[in-house]
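A short write-up of the structure that comes next.
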Amino acid sequence: MSPTITASLEAQGTREMSTSKSYLAMAYWCENQNWNGFAKLFHLQAAEEQTHARKFFHFIVDRGAMPKIGGVGAPRSEFANLSEVAKAAYDMERANTASIHAAFETAQCEKDFATQVFLHDFIAEQVEEEAWTDTLVGKVRQAVCAGALFNLDRHAVKEILGEAAD
Ligand SMILES: [Fe+2]
Ligand SMILES: [Fe+2]
């Protein structure tokens with residue numbers, strides 16, 4: 001595997017770790033604010049992103065290289081309200097999509113077919129990630145009264161992740 005591809009996959013693996021940490025911070029913010037349903041949703045996402053990170057590093061090992069895990073800074077942990085949390089998740093997933101697409105483009109330039117196929121799952125995954133974060137922003141916006149938000153919190157995983165939670 002070319003050093004360019006290795007570096008690109010290491011960067012993406014590290015980004016997935018950073019995303020995991022950000023979701024963890026969102027989960028604890030929600031717990032602290034007594035939004036336990038939303039907290040559960042973000043804990044699930046944190047675990048999922050951790051799995052993504054491992055897949056990237058494992059793929060590098062499978063291709064005969066030693067993955068270098070990058071540093072991950074402190075995630076954002078302060079939010080004014082749930083809408084800000086939702087928007088942060090929304091933006092983060094869109095940035096991640098751009099990053100995965102860039103990795104795919106690199107694999108195309110390098111004619112690395114195995115990496116292209118490996119990235120297919122992540123390209124498809126990002127469609128789901130963008131969909132649920134869009135739902136999250138929309139539903140939080142629609143919950144204009146406290147009762148609606150309490151109800152959304154109670155069923156957050158089902159209402160927002162839907163089939164993606166299965
Ligand atoms: Fe991910
Ligand atoms: Fe994600």
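Ordering of the structure tokens sets the chain letters (A, B, ...); residue numbers start at 1 within each chain; ligands are numbered from 1 in the order shown.
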Item to complete: Using only C-alpha atoms and all ligand atoms, determine which residues fall within 6 Å of ligand 2, then list them as number ranges by chain.
Response: A: 49, 93, 129
Counting only C-alpha atoms and all ligand atoms, give me one row per residue of chain A with an atom at most 7 Å from an atom of ligand 1, showing the shortest contact pair and its distance in Å to one decimal, sorted by chain then residue number, as a Markdown table.
| residue | atom | partner | partner_atom_place_in_ligand_line | distance |
| --- | --- | --- | --- | --- |
| A:Glu16 | CA | ligand 1 | 1 (Fe) | 5.3 |
| A:Glu48 | CA | ligand 1 | 1 (Fe) | 6.9 |
| A:Glu49 | CA | ligand 1 | 1 (Fe) | 4.5 |
| A:His52 | CA | ligand 1 | 1 (Fe) | 5.3 |
Worksheet item: Quick one: residues within 8 Å of Leu24 in chain A, only C-alpha atoms counted, chain neighbours fewer than 6 positions away excluded, as number ranges by chain?
Response: A: 42-43, 46
What does the file look like for those residues with C-alpha atoms, as a PDB file, in the first residue's frame?
ATOM      1  CA  PHE A  42     -25.167   9.791  21.469  1.00  0.00           C
ATOM      2  CA  HIS A  43     -23.581   6.980  23.475  1.00  0.00           C
ATOM      3  CA  ALA A  46     -19.851   7.179  20.153  1.00  0.00           C
TER       4      ALA A  46
END
Worksheet item: Running DSSP on the backbone, which parts of range 36-115 of chain A land in alpha helix (DSSP H), as a ChimeraX atom specification?
Response: /A:36-62,82-109,113-115
Just write the chosen residues, C-alpha atoms, as a PDB file, in the first residue's frame.
ATOM      1  CA  ASN A  36     -31.457  10.704  29.021  1.00  0.00           C
ATOM      2  CA  GLY A  37     -32.948   9.519  25.732  1.00  0.00           C
ATOM      3  CA  PHE A  38     -30.703  11.805  23.707  1.00  0.00           C
ATOM      4  CA  ALA A  39     -27.768  10.736  25.877  1.00  0.00           C
ATOM      5  CA  LYS A  40     -28.434   7.114  24.943  1.00  0.00           C
ATOM      6  CA  LEU A  41     -28.536   8.025  21.260  1.00  0.00           C
ATOM      7  CA  PHE A  42     -25.167   9.791  21.469  1.00  0.00           C
ATOM      8  CA  HIS A  43     -23.581   6.980  23.475  1.00  0.00           C
ATOM      9  CA  LEU A  44     -24.645   4.580  20.698  1.00  0.00           C
ATOM     10  CA  GLN A  45     -23.063   6.876  18.133  1.00  0.00           C
ATOM     11  CA  ALA A  46     -19.851   7.179  20.153  1.00  0.00           C
ATOM     12  CA  ALA A  47     -19.540   3.374  20.179  1.00  0.00           C
ATOM     13  CA  GLU A  48     -20.285   3.163  16.457  1.00  0.00           C
ATOM     14  CA  GLU A  49     -17.600   5.716  15.575  1.00  0.00           C
ATOM     15  CA  GLN A  50     -15.117   3.801  17.714  1.00  0.00           C
ATOM     16  CA  THR A  51     -15.904   0.719  15.629  1.00  0.00           C
ATOM     17  CA  HIS A  52     -15.334   2.730  12.446  1.00  0.00           C
ATOM     18  CA  ALA A  53     -11.927   3.856  13.732  1.00  0.00           C
ATOM     19  CA  ARG A  54     -10.923   0.263  14.456  1.00  0.00           C
ATOM     20  CA  LYS A  55     -11.973  -0.811  10.955  1.00  0.00           C
ATOM     21  CA  PHE A  56      -9.655   1.780   9.409  1.00  0.00           C
ATOM     22  CA  PHE A  57      -6.672   0.795  11.540  1.00  0.00           C
ATOM     23  CA  HIS A  58      -7.354  -2.897  11.055  1.00  0.00           C
ATOM     24  CA  PHE A  59      -7.502  -2.434   7.294  1.00  0.00           C
ATOM     25  CA  ILE A  60      -4.063  -0.772   7.368  1.00  0.00           C
ATOM     26  CA  VAL A  61      -2.661  -3.775   9.278  1.00  0.00           C
ATOM     27  CA  ASP A  62      -4.317  -6.164   6.821  1.00  0.00           C
ATOM     28  CA  LEU A  82     -30.271  20.758  22.448  1.00  0.00           C
ATOM     29  CA  SER A  83     -30.551  22.561  19.125  1.00  0.00           C
ATOM     30  CA  GLU A  84     -26.869  23.464  19.310  1.00  0.00           C
ATOM     31  CA  VAL A  85     -25.978  19.846  20.049  1.00  0.00           C
ATOM     32  CA  ALA A  86     -28.061  18.703  17.084  1.00  0.00           C
ATOM     33  CA  LYS A  87     -26.442  21.263  14.781  1.00  0.00           C
ATOM     34  CA  ALA A  88     -22.962  20.220  15.930  1.00  0.00           C
ATOM     35  CA  ALA A  89     -23.740  16.559  15.129  1.00  0.00           C
ATOM     36  CA  TYR A  90     -25.177  17.620  11.752  1.00  0.00           C
ATOM     37  CA  ASP A  91     -22.077  19.625  10.829  1.00  0.00           C
ATOM     38  CA  MET A  92     -19.712  16.936  12.065  1.00  0.00           C
ATOM     39  CA  GLU A  93     -21.270  14.240   9.875  1.00  0.00           C
ATOM     40  CA  ARG A  94     -21.159  16.449   6.799  1.00  0.00           C
ATOM     41  CA  ALA A  95     -17.485  17.216   7.408  1.00  0.00           C
ATOM     42  CA  ASN A  96     -16.879  13.490   7.815  1.00  0.00           C
ATOM     43  CA  THR A  97     -18.593  12.737   4.509  1.00  0.00           C
ATOM     44  CA  ALA A  98     -16.308  15.232   2.752  1.00  0.00           C
ATOM     45  CA  SER A  99     -13.305  13.608   4.387  1.00  0.00           C
ATOM     46  CA  ILE A 100     -14.319  10.088   3.316  1.00  0.00           C
ATOM     47  CA  HIS A 101     -14.962  11.302  -0.215  1.00  0.00           C
ATOM     48  CA  ALA A 102     -11.490  12.864  -0.258  1.00  0.00           C
ATOM     49  CA  ALA A 103      -9.981   9.546   0.905  1.00  0.00           C
ATOM     50  CA  PHE A 104     -11.849   7.784  -1.898  1.00  0.00           C
ATOM     51  CA  GLU A 105     -10.538  10.276  -4.441  1.00  0.00           C
ATOM     52  CA  THR A 106      -7.004   9.635  -3.192  1.00  0.00           C
ATOM     53  CA  ALA A 107      -7.550   5.883  -3.601  1.00  0.00           C
ATOM     54  CA  GLN A 108      -8.740   6.512  -7.160  1.00  0.00           C
ATOM     55  CA  CYS A 109      -5.696   8.640  -7.994  1.00  0.00           C
ATOM     56  CA  PHE A 113      -8.758  -0.784  -5.811  1.00  0.00           C
ATOM     57  CA  ALA A 114      -8.881  -2.577  -2.450  1.00  0.00           C
ATOM     58  CA  THR A 115      -9.070   0.736  -0.598  1.00  0.00           C
TER      59      THR A 115
END
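Residue neighbourhood of Ala74 in chain A, excluding near-sequence residues (fewer than 6 positions): A:Ser18, A:Lys21, A:Ser22, at 9 Å, using only C-alpha atoms.
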Produce a file of the selected residues containing C-alpha atoms, as a PDB file, in the first residue's frame.
ATOM      1  CA  SER A  18     -12.319  12.274  17.251  1.00  0.00           C
ATOM      2  CA  LYS A  21     -15.111  11.568  21.450  1.00  0.00           C
ATOM      3  CA  SER A  22     -17.354  14.401  20.290  1.00  0.00           C
TER       4      SER A  22
END
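Distance annotation: of A:Glu10, A:His120, A:Val144, A:Tyr28, the residue with the minimal separation from Gly71 in chain A is A:Glu10; atom set is only C-alpha atoms.
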Discussion item. List as an MDAnalysis selection string the protein and nucleic acid residues near Trp132 in chain A, meaning an atom at most 9 Å away when only C-alpha atoms are counted, but skip any in the same chain fewer than 3 places from it.
Written reply: chainID A and resid 90 127:129 135:137 160:162 164
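Relative to CA of Gly70 in chain A, CA of Glu31 in chain A is found at 28.6 Å.
Of the residues listed (A:Ile123, A:Arg15, A:Glu130, A:Trp35), A:Trp35 shows the shortest atom-to-atom separation from Val157 in chain A; distances use only C-alpha atoms.
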